[in-house]
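One file, upload.tsv, carrying TSV, C-alpha atoms:
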chain	number	residue	atom	x	y	z
C	1	MET	CA	-18.63	-58.38	-99.06
C	2	ILE	CA	-17.66	-61.20	-101.42
C	3	LEU	CA	-14.45	-61.77	-99.46
C	4	ILE	CA	-16.37	-61.82	-96.18
C	5	LEU	CA	-18.82	-64.42	-97.51
C	6	GLU	CA	-15.97	-66.54	-98.84
C	7	GLN	CA	-14.16	-66.50	-95.51
C	8	LEU	CA	-17.43	-67.25	-93.72
C	9	LEU	CA	-17.81	-70.39	-95.82
C	10	ASN	CA	-14.18	-71.32	-95.13
C	11	GLY	CA	-14.90	-70.88	-91.43
C	12	LEU	CA	-17.97	-73.12	-91.64
C	13	GLN	CA	-15.90	-75.79	-93.40
C	14	PHE	CA	-13.21	-75.62	-90.70
C	15	GLY	CA	-15.88	-75.62	-88.00
C	16	VAL	CA	-17.44	-78.76	-89.44
C	17	MET	CA	-14.07	-80.53	-89.26
C	18	LEU	CA	-13.68	-79.46	-85.64
C	19	PHE	CA	-17.18	-80.73	-84.87
C	20	LEU	CA	-16.52	-84.16	-86.39
C	21	LEU	CA	-13.48	-84.54	-84.15
C	22	ALA	CA	-15.00	-82.92	-81.07
C	23	ALA	CA	-18.22	-84.96	-81.20
C	24	GLY	CA	-16.37	-88.22	-80.65
C	25	LEU	CA	-13.97	-86.72	-78.13
C	26	THR	CA	-16.71	-85.17	-76.00
C	27	LEU	CA	-18.67	-88.43	-75.91
C	28	ILE	CA	-15.59	-90.41	-74.88
C	29	PHE	CA	-14.64	-88.01	-72.12
C	30	GLY	CA	-18.21	-87.24	-71.05
C	31	ILE	CA	-19.31	-90.87	-70.72
C	32	MET	CA	-16.11	-92.81	-70.11
C	33	GLY	CA	-14.22	-90.13	-68.21
C	34	VAL	CA	-11.11	-90.87	-70.27
C	35	ILE	CA	-8.79	-88.19	-71.62
C	36	ASN	CA	-7.77	-89.62	-74.99
C	37	LEU	CA	-4.86	-87.66	-76.46
C	38	ALA	CA	-4.63	-90.28	-79.21
C	39	HIS	CA	-7.92	-89.11	-80.73
C	40	GLY	CA	-5.94	-87.04	-83.21
C	41	SER	CA	-4.05	-90.16	-84.24
C	42	LEU	CA	-7.33	-91.79	-85.28
C	43	TYR	CA	-7.94	-88.73	-87.48
C	44	MET	CA	-4.49	-89.25	-89.01
C	45	ILE	CA	-5.09	-92.99	-89.53
C	46	GLY	CA	-8.36	-92.28	-91.32
C	47	ALA	CA	-6.64	-89.77	-93.59
C	48	TYR	CA	-3.77	-92.11	-94.44
C	49	ALA	CA	-5.95	-95.20	-94.96
C	50	GLY	CA	-8.42	-93.36	-97.16
C	51	THR	CA	-5.71	-91.63	-99.18
C	52	TRP	CA	-3.78	-94.86	-99.74
C	53	VAL	CA	-6.85	-96.79	-100.87
C	54	ALA	CA	-7.91	-93.89	-103.12
C	55	ALA	CA	-4.45	-93.83	-104.71
C	56	GLU	CA	-4.34	-97.61	-105.20
C	57	THR	CA	-7.83	-97.92	-106.64
C	58	GLY	CA	-8.09	-94.56	-108.38
C	59	SER	CA	-11.40	-93.91	-106.60
C	60	PHE	CA	-11.78	-91.33	-103.86
C	61	TRP	CA	-15.14	-92.85	-102.92
C	62	LEU	CA	-13.55	-96.20	-102.05
C	63	GLY	CA	-11.19	-94.34	-99.76
C	64	ILE	CA	-14.06	-93.15	-97.56
C	65	PRO	CA	-15.19	-96.58	-96.25
C	66	ALA	CA	-11.53	-97.59	-95.95
C	67	ALA	CA	-10.89	-94.58	-93.71
C	68	LEU	CA	-13.96	-95.27	-91.58
C	69	ILE	CA	-13.13	-98.96	-91.16
C	70	ALA	CA	-9.45	-98.34	-90.40
C	71	ALA	CA	-10.16	-95.66	-87.79
C	72	ALA	CA	-13.03	-97.58	-86.17
C	73	LEU	CA	-11.06	-100.85	-85.95
C	74	THR	CA	-8.05	-99.04	-84.55
C	75	GLY	CA	-10.28	-97.35	-82.00
C	76	LEU	CA	-11.84	-100.65	-80.92
C	77	ILE	CA	-8.40	-102.22	-80.53
C	78	ILE	CA	-7.18	-99.25	-78.48
C	79	GLU	CA	-10.24	-99.46	-76.24
C	80	ALA	CA	-9.85	-103.20	-75.68
C	81	VAL	CA	-6.09	-103.26	-75.15
C	82	VAL	CA	-5.29	-99.92	-73.50
C	83	ILE	CA	-8.26	-97.73	-72.56
C	84	ARG	CA	-10.17	-100.48	-70.78
C	85	ARG	CA	-7.34	-100.71	-68.25
C	86	LEU	CA	-7.50	-96.98	-67.53
C	87	TYR	CA	-11.13	-96.47	-66.52
C	88	ALA	CA	-10.35	-96.68	-62.80
C	89	ARG	CA	-7.05	-94.80	-63.08
C	90	ASP	CA	-6.58	-91.09	-62.65
C	91	HIS	CA	-6.30	-88.66	-65.56
C	92	LEU	CA	-2.51	-88.45	-65.36
C	93	ASP	CA	-2.23	-92.16	-66.18
C	94	GLN	CA	-4.65	-91.70	-69.08
C	95	VAL	CA	-2.68	-88.76	-70.44
C	96	LEU	CA	0.62	-90.63	-70.26
C	97	ALA	CA	-0.77	-93.80	-71.83
C	98	THR	CA	-2.53	-92.06	-74.71
C	99	PHE	CA	0.46	-89.79	-75.30
C	100	GLY	CA	2.50	-92.97	-75.68
C	101	LEU	CA	-0.01	-94.13	-78.29
C	102	ILE	CA	0.60	-90.92	-80.24
C	103	LEU	CA	4.30	-91.71	-80.45
C	104	ILE	CA	3.60	-95.31	-81.47
C	105	PHE	CA	1.16	-94.36	-84.21
C	106	ASN	CA	3.37	-91.58	-85.57
C	107	GLN	CA	6.34	-93.90	-85.82
C	108	SER	CA	4.25	-96.69	-87.34
C	109	ILE	CA	2.88	-94.35	-90.03
C	110	THR	CA	6.43	-93.15	-90.73
C	111	LEU	CA	7.62	-96.74	-91.23
C	112	LEU	CA	4.70	-97.56	-93.52
C	113	PHE	CA	4.45	-94.39	-95.62
C	114	GLY	CA	7.60	-92.39	-94.95
C	115	ARG	CA	7.78	-88.75	-93.93
C	116	GLN	CA	6.75	-87.24	-97.25
C	117	PRO	CA	3.17	-85.87	-97.24
C	118	LEU	CA	0.51	-87.65	-99.29
C	119	PHE	CA	-2.03	-85.83	-101.42
C	120	THR	CA	-5.51	-86.94	-102.41
C	121	THR	CA	-6.92	-86.33	-105.87
C	122	LEU	CA	-10.45	-85.00	-105.88
C	123	PRO	CA	-13.13	-86.82	-107.88
C	124	ASP	CA	-13.94	-85.04	-111.14
C	125	ALA	CA	-17.45	-84.17	-110.00
C	126	PHE	CA	-16.07	-82.12	-107.09
C	127	ALA	CA	-12.86	-80.77	-108.58
C	128	GLY	CA	-14.40	-77.52	-109.81
C	129	SER	CA	-16.31	-74.68	-108.21
C	130	VAL	CA	-19.86	-73.40	-108.02
C	131	GLU	CA	-20.78	-69.73	-108.39
C	132	LEU	CA	-22.94	-69.17	-105.33
C	133	LEU	CA	-23.35	-65.48	-106.03
C	134	PRO	CA	-22.15	-63.26	-108.88
C	135	GLY	CA	-18.40	-63.00	-108.32
C	136	LEU	CA	-18.38	-65.69	-105.61
C	137	PRO	CA	-17.15	-69.01	-107.00
C	138	TYR	CA	-16.58	-71.55	-104.24
C	139	PRO	CA	-14.92	-75.00	-104.42
C	140	THR	CA	-17.51	-77.72	-104.78
C	141	TYR	CA	-15.62	-80.08	-102.51
C	142	ARG	CA	-15.64	-77.63	-99.60
C	143	LEU	CA	-19.41	-77.36	-99.97
C	144	LEU	CA	-19.54	-81.16	-99.84
C	145	VAL	CA	-17.57	-81.13	-96.59
C	146	ILE	CA	-19.99	-78.63	-95.07
C	147	GLY	CA	-22.96	-80.71	-96.23
C	148	VAL	CA	-21.51	-83.95	-94.85
C	149	GLY	CA	-20.82	-82.30	-91.51
C	150	LEU	CA	-24.37	-81.00	-91.23
C	151	LEU	CA	-25.78	-84.43	-92.13
C	152	VAL	CA	-23.58	-86.08	-89.51
C	153	ALA	CA	-24.76	-83.53	-86.95
C	154	LEU	CA	-28.39	-84.35	-87.80
C	155	GLY	CA	-27.68	-88.08	-87.64
C	156	LEU	CA	-26.01	-87.77	-84.24
C	157	TYR	CA	-28.90	-85.67	-82.96
C	158	LEU	CA	-31.39	-88.36	-83.98
C	159	LEU	CA	-29.15	-91.12	-82.58
C	160	ILE	CA	-28.66	-89.43	-79.21
C	161	ASN	CA	-32.23	-88.17	-78.77
C	162	ARG	CA	-34.40	-90.73	-80.56
C	163	THR	CA	-32.85	-94.18	-79.94
C	164	ARG	CA	-32.28	-96.49	-76.98
C	165	ILE	CA	-28.53	-96.34	-77.51
C	166	GLY	CA	-28.75	-92.58	-77.38
C	167	MET	CA	-30.74	-92.76	-74.16
C	168	LEU	CA	-28.02	-94.89	-72.59
C	169	VAL	CA	-25.35	-92.51	-73.87
C	170	ARG	CA	-27.13	-89.53	-72.33
C	171	ALA	CA	-27.67	-91.40	-69.09
C	172	GLY	CA	-24.05	-92.49	-69.02
C	173	ALA	CA	-22.89	-88.91	-69.49
C	174	THR	CA	-25.06	-87.83	-66.53
C	175	ASN	CA	-24.57	-90.71	-64.07
C	176	ARG	CA	-22.44	-93.70	-65.06
C	177	ASP	CA	-22.91	-95.49	-61.73
C	178	MET	CA	-26.70	-95.44	-62.03
C	179	VAL	CA	-26.55	-96.88	-65.57
C	180	ARG	CA	-24.35	-99.69	-64.30
C	181	ALA	CA	-26.67	-100.32	-61.36
C	182	LEU	CA	-29.64	-100.71	-63.74
C	183	GLY	CA	-27.97	-103.72	-65.32
C	184	VAL	CA	-26.65	-102.11	-68.50
C	185	ASP	CA	-23.49	-103.71	-69.88
C	186	ILE	CA	-21.37	-100.66	-69.32
C	187	ARG	CA	-18.33	-102.27	-70.95
C	188	LEU	CA	-20.26	-102.77	-74.20
C	189	LEU	CA	-21.57	-99.20	-74.00
C	190	TYR	CA	-18.04	-97.88	-73.60
C	191	THR	CA	-16.85	-99.93	-76.57
C	192	VAL	CA	-19.68	-98.66	-78.79
C	193	VAL	CA	-19.04	-95.04	-77.79
C	194	PHE	CA	-15.30	-95.31	-78.35
C	195	GLY	CA	-15.82	-96.98	-81.72
C	196	LEU	CA	-18.27	-94.26	-82.77
C	197	GLY	CA	-15.83	-91.56	-81.73
C	198	ALA	CA	-13.03	-93.23	-83.69
C	199	LEU	CA	-15.26	-93.55	-86.77
C	200	LEU	CA	-16.08	-89.84	-86.66
C	201	ALA	CA	-12.37	-89.02	-86.36
C	202	GLY	CA	-11.66	-91.18	-89.40
C	203	LEU	CA	-14.40	-89.42	-91.34
C	204	ALA	CA	-12.88	-86.05	-90.47
C	205	GLY	CA	-9.49	-87.33	-91.63
C	206	ILE	CA	-10.58	-88.47	-95.08
C	207	MET	CA	-12.72	-85.37	-95.61
C	208	ALA	CA	-9.75	-83.14	-94.74
C	209	ALA	CA	-7.29	-85.13	-96.87
C	210	PRO	CA	-7.96	-83.35	-100.21
C	211	ILE	CA	-7.73	-79.96	-98.49
C	212	LEU	CA	-4.69	-80.49	-96.26
C	213	ALA	CA	-1.49	-82.42	-96.73
C	214	VAL	CA	-1.73	-85.90	-95.19
C	215	GLN	CA	1.36	-86.12	-93.02
C	216	VAL	CA	2.72	-87.57	-89.81
C	217	GLY	CA	1.63	-85.54	-86.80
C	218	MET	CA	-1.40	-83.97	-88.49
C	219	GLY	CA	-3.60	-85.17	-85.63
C	220	GLU	CA	-1.71	-83.23	-82.99
C	221	GLN	CA	-2.01	-80.05	-85.04
C	222	ILE	CA	-5.79	-80.02	-84.73
C	223	LEU	CA	-6.20	-81.84	-81.40
C	224	LEU	CA	-5.68	-78.76	-79.22
C	225	SER	CA	-8.37	-76.83	-81.11
C	226	THR	CA	-10.65	-79.84	-80.71
C	227	PHE	CA	-10.18	-79.82	-76.93
C	228	VAL	CA	-11.08	-76.11	-76.91
C	229	VAL	CA	-14.32	-76.94	-78.75
C	230	VAL	CA	-15.13	-79.63	-76.17
C	231	VAL	CA	-14.44	-77.30	-73.24
C	232	ILE	CA	-16.48	-74.41	-74.65
C	233	GLY	CA	-19.37	-76.60	-75.80
C	234	GLY	CA	-19.57	-78.57	-72.57
C	235	VAL	CA	-18.17	-82.03	-71.91
C	236	GLY	CA	-20.52	-84.75	-73.12
C	237	SER	CA	-22.73	-82.44	-75.19
C	238	ILE	CA	-23.06	-83.08	-78.93
C	239	ARG	CA	-25.07	-79.89	-79.29
C	240	GLY	CA	-22.30	-78.00	-77.55
C	241	ALA	CA	-19.67	-79.54	-79.83
C	242	PHE	CA	-21.67	-78.51	-82.89
C	243	VAL	CA	-22.29	-74.92	-81.80
C	244	ALA	CA	-18.77	-74.39	-80.45
C	245	GLY	CA	-17.16	-76.04	-83.48
C	246	LEU	CA	-18.93	-73.81	-85.98
C	247	PHE	CA	-18.43	-70.71	-83.86
C	248	LEU	CA	-14.72	-71.28	-83.33
C	249	GLY	CA	-14.18	-72.29	-86.95
C	250	VAL	CA	-15.71	-69.04	-88.17
C	251	ALA	CA	-13.99	-66.93	-85.50
C	252	ASP	CA	-10.54	-68.40	-86.18
C	253	THR	CA	-10.89	-67.98	-89.95
C	254	MET	CA	-12.17	-64.42	-89.71
C	255	LEU	CA	-9.43	-63.36	-87.32
C	256	ARG	CA	-6.69	-64.80	-89.52
C	257	ALA	CA	-8.17	-63.27	-92.67
C	258	PHE	CA	-9.06	-59.76	-91.53
C	259	LEU	CA	-7.30	-58.83	-88.27
C	260	PRO	CA	-3.89	-57.99	-89.84
C	261	GLY	CA	-5.61	-55.77	-92.40
C	262	LEU	CA	-7.57	-53.93	-89.71
C	263	LEU	CA	-4.45	-53.34	-87.65
C	264	ARG	CA	-2.69	-51.86	-90.69
C	265	GLN	CA	-5.06	-48.92	-90.39
C	266	VAL	CA	-3.33	-47.83	-87.18
C	267	MET	CA	0.10	-49.49	-87.41
C	268	THR	CA	2.86	-50.09	-89.91
C	269	GLY	CA	2.50	-53.10	-92.19
C	270	SER	CA	5.08	-55.42	-90.64
C	271	GLU	CA	4.03	-54.66	-87.07
C	272	ALA	CA	0.36	-55.06	-87.93
C	273	ASP	CA	0.97	-58.41	-89.62
C	274	ALA	CA	3.03	-59.73	-86.72
C	275	LEU	CA	0.54	-58.58	-84.07
C	276	GLY	CA	-2.48	-59.67	-86.10
C	277	ILE	CA	-1.12	-63.15	-86.71
C	278	GLY	CA	-0.20	-63.50	-83.04
C	279	ILE	CA	-3.63	-62.43	-81.78
C	280	ALA	CA	-5.38	-64.59	-84.38
C	281	SER	CA	-3.32	-67.63	-83.34
C	282	MET	CA	-4.51	-67.35	-79.75
C	283	GLY	CA	-7.98	-66.04	-80.58
C	284	ILE	CA	-9.90	-69.25	-79.85
C	285	TYR	CA	-8.08	-69.63	-76.52
C	286	LEU	CA	-9.07	-66.11	-75.53
C	287	LEU	CA	-12.67	-66.98	-76.43
C	288	MET	CA	-12.41	-70.09	-74.26
C	289	VAL	CA	-11.25	-68.01	-71.29
C	290	ILE	CA	-14.14	-65.57	-71.77
C	291	VAL	CA	-16.72	-68.36	-71.99
C	292	LEU	CA	-15.35	-70.16	-68.92
C	293	LEU	CA	-15.48	-66.97	-66.86
C	294	PHE	CA	-19.26	-66.95	-67.25
C	295	ARG	CA	-19.98	-70.65	-67.91
C	296	PRO	CA	-17.33	-72.74	-66.12
C	297	LYS	CA	-18.87	-76.00	-67.37
C	298	GLY	CA	-19.27	-74.83	-70.96
C	299	LEU	CA	-22.20	-73.47	-72.93
C	300	PHE	CA	-24.25	-76.69	-72.96
C	301	ALA	CA	-22.87	-78.69	-70.05
C	302	VAL	CA	-24.62	-82.02	-69.50
C	303	GLY	CA	-26.82	-81.88	-66.45
C	304	SER	CA	-26.72	-78.09	-66.16

Full structure transcribed into structure tokens:
Amino acid sequence: MILILEQLLNGLQFGVMLFLLAAGLTLIFGIMGVINLAHGSLYMIGAYAGTWVAAETGSFWLGIPAALIAAALTGLIIEAVVIRRLYARDHLDQVLATFGLILIFNQSITLLFGRQPLFTTLPDAFAGSVELLPGLPYPTYRLLVIGVGLLVALGLYLLINRTRIGMLVRAGATNRDMVRALGVDIRLLYTVVFGLGALLAGLAGIMAAPILAVQVGMGEQILLSTFVVVVIGGVGSIRGAFVAGLFLGVADTMLRAFLPGLLRQVMTGSEADALGIGIASMGIYLLMVIVLLFRPKGLFAVGS
């Protein structure tokens, strides 16, 4: 039971990271209609900027605003220079252009920081663990990540459902042409949405930095899982991104932790491990297929 609870918390922490990435991605695609493969690069930029500032200043907390600013500014520049020219183009052009951005950012990071991974030192206050239950110590920093993710989810909910900007975002996700016809500066709305998405990606990057190695290409490693979250949750739905992110985070973690052991009950050890790891690796994609069979537009599709 202790192991199950520990893996459940690990799954929630992973799910929160997926949500932070998927929230920005689903808004960008749902409102702007742009497939942005470079979203993972903004995650990487946030991780690198925050880690570098933390190493130079000796303060992890100074790395957080550095990551947010670096990712948001990069996102605004991308939107102004590249994405703005792709709104009227088909998705193939968007995929090719943003894939080119991935290559540019990866090479730029390599030139600036080299290919060796960077590691972030945790602040002393969060370097230890907390005993949640007798026999269940859990890293304090991972609890912080879960808490930050839940606060961001609450903040986004209030922003989307309780503010004028949120009203425009929801309207834009439902009918962009009508929003434009009502006199709303759609270009400014697109810029704000893209900048918000980039900021969330940067936040995910710096929060993941002490847990994962900060390295070139780290954005592509998580981007595919993020797209699965967007598809399952429903394009343009923050609620869908939150529910799907937590669900897939827990499901992926549980499958990787327990499936090989369960298969060992009926198979030899090596075969069980190989089959278990293989099924666990494609587990979230199987879940996506199952969801789309019954809900082709996702669980919480906008306008459904």

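In this model, the gap between CA of Arg264 (chain C) and CA of Leu246 (chain C) comes to 27.7 Å.
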
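CA of Ile206 (chain C) lies 13.2 Å from CA of Pro123 (chain C).
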
| task | Return the single residue from C:Thr226, C:Ser270, C:Gln116, C:Thr253 that is closest to Tyr43 (chain C), with distances computed using only C-alpha atoms. | result | C:Thr226

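The environment of region 17-21 of chain C within 6 Å, counting all atoms listed in the file and disregarding residues fewer than 2 places along the same chain, consists of Phe14, Gly15, Ala23, Gly24, Leu200, Ala201, Ala204, Thr226, Ala241, Phe242 and Gly245 of chain C.
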
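The two atoms in question, CA of Arg85 (chain C) and CA of Gly233 (chain C), are spaced 28.0 Å apart.
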
| query | Which residues, protein or nucleic acid, reach to within 12 Å of (-10.1, -102.1, -86.1) in the file's coordinates when using all atoms listed in the file, and can you give that as a PyMOL selection string? | reply | chain C and resi 42+45-46+49+66-81+191+194-196+198-199+202

| message | Which polymer residues, whether protein, DNA or RNA, lie within 8 Å of the coordinate (-7.1, -91.8, -99.0) when you count only C-alpha atoms? List them as a ChimeraX atom specification, using the chain letters and numbers from the file. | response | /C:46-55,60,63-64,66-67,120,206,209

| said: What's around region 89-96 of chain C at 7 Å? Count only C-alpha atoms, leave out sequence neighbours fewer than 6 positions away in its own chain, and write the answer as a list of chain:residue names. | reply: C:Val34, C:Ile35, C:Asn36, C:Leu37

Once 8 Å is added on each side, what centre and edge lengths in Å to one decimal does the axis-aligned box around all listed atoms of region 173-192 of chain C have, as AutoDock Vina command-line options?
--center_x -23.2 --center_y -95.8 --center_z -70.1 --size_x 28.8 --size_y 31.9 --size_z 33.4

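With distances restricted to only C-alpha atoms, C:Leu27 is the closest residue to Gly234 (chain C) from C:Leu188, C:Ala97, C:Leu27, C:Met167.
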
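With only C-alpha atoms as the atoms that count, the residue of C:Val228, C:Val82, C:Leu143, C:Met267 with the shortest distance to Ala244 (chain C) is C:Val228.
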
| said: Excluding region 146-158 of chain C and its own-chain neighbours fewer than 2 positions away, which residues fall within 7 Å of it when counting only C-alpha atoms? Please give them as number ranges by chain. | reply: C: 12-13, 16, 20, 142-144, 160-162

| request: Go through C:Ile290, C:Ile284, C:Leu5, C:Leu299 and flag the residue nearest Leu136 (chain C), using all atoms listed in the file for the distances. | output: C:Leu5

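Every protein, DNA or RNA residue with an atom at most 12 Å from Ala272 (chain C), where all atoms listed in the file count and chain neighbours fewer than 4 positions away do not, is listed here: C:Phe258, C:Leu259, C:Pro260, C:Gly261, C:Leu262, C:Leu263, C:Arg264, C:Gln265, C:Val266, C:Met267, C:Thr268, C:Gly276, C:Ile277, C:Gly278, C:Ile279, C:Ala280.
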
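The closest residue to Leu212 (chain C), picked from C:Thr121, C:Gln7, C:Thr26, C:Gln107 and counting only C-alpha atoms, is C:Thr121.
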
| task | Measuring atom to atom with only C-alpha atoms, identify which of C:Ile238, C:Ser281, C:Phe247, C:Ile211 is nearest to Ile28 (chain C). | result | C:Ile238

| Hey, what's within 12 Å of Val184 (chain C) if we count only C-alpha atoms and toss same-chain stuff fewer than 6 positions away? As a ChimeraX atom specification, please? | /C:164-165,167-169,171-172,176-178,190

Got a moment to write region 100-126 of chain C out with C-alpha atoms, as an mmCIF file, in the first residue's frame?
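Okay, this is what ended up in part.cif:
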data_model
loop_
_atom_site.group_PDB
_atom_site.id
_atom_site.type_symbol
_atom_site.label_atom_id
_atom_site.label_comp_id
_atom_site.auth_asym_id
_atom_site.auth_seq_id
_atom_site.Cartn_x
_atom_site.Cartn_y
_atom_site.Cartn_z
ATOM 1 C CA GLY C 100 12.522 23.989 -38.179
ATOM 2 C CA LEU C 101 12.353 26.063 -34.990
ATOM 3 C CA ILE C 102 13.073 22.923 -32.961
ATOM 4 C CA LEU C 103 16.286 22.370 -34.897
ATOM 5 C CA ILE C 104 17.288 26.024 -34.524
ATOM 6 C CA PHE C 105 16.681 26.101 -30.773
ATOM 7 C CA ASN C 106 18.427 22.781 -30.163
ATOM 8 C CA GLN C 107 21.507 23.917 -32.040
ATOM 9 C CA SER C 108 21.487 27.316 -30.338
ATOM 10 C CA ILE C 109 21.317 25.716 -26.881
ATOM 11 C CA THR C 110 24.156 23.376 -27.868
ATOM 12 C CA LEU C 111 26.331 26.328 -28.905
ATOM 13 C CA LEU C 112 25.571 28.215 -25.689
ATOM 14 C CA PHE C 113 25.714 25.428 -23.107
ATOM 15 C CA GLY C 114 27.249 22.423 -24.832
ATOM 16 C CA ARG C 115 25.836 18.914 -24.918
ATOM 17 C CA GLN C 116 26.504 17.993 -21.303
ATOM 18 C CA PRO C 117 23.343 17.971 -19.137
ATOM 19 C CA LEU C 118 22.914 20.652 -16.486
ATOM 20 C CA PHE C 119 21.656 19.929 -12.993
ATOM 21 C CA THR C 120 19.797 22.233 -10.627
ATOM 22 C CA THR C 121 20.497 22.294 -6.906
ATOM 23 C CA LEU C 122 17.395 22.291 -4.764
ATOM 24 C CA PRO C 123 16.931 25.012 -2.143
ATOM 25 C CA ASP C 124 17.667 23.763 1.368
ATOM 26 C CA ALA C 125 14.052 24.136 2.449
ATOM 27 C CA PHE C 126 12.927 21.622 -0.184
#
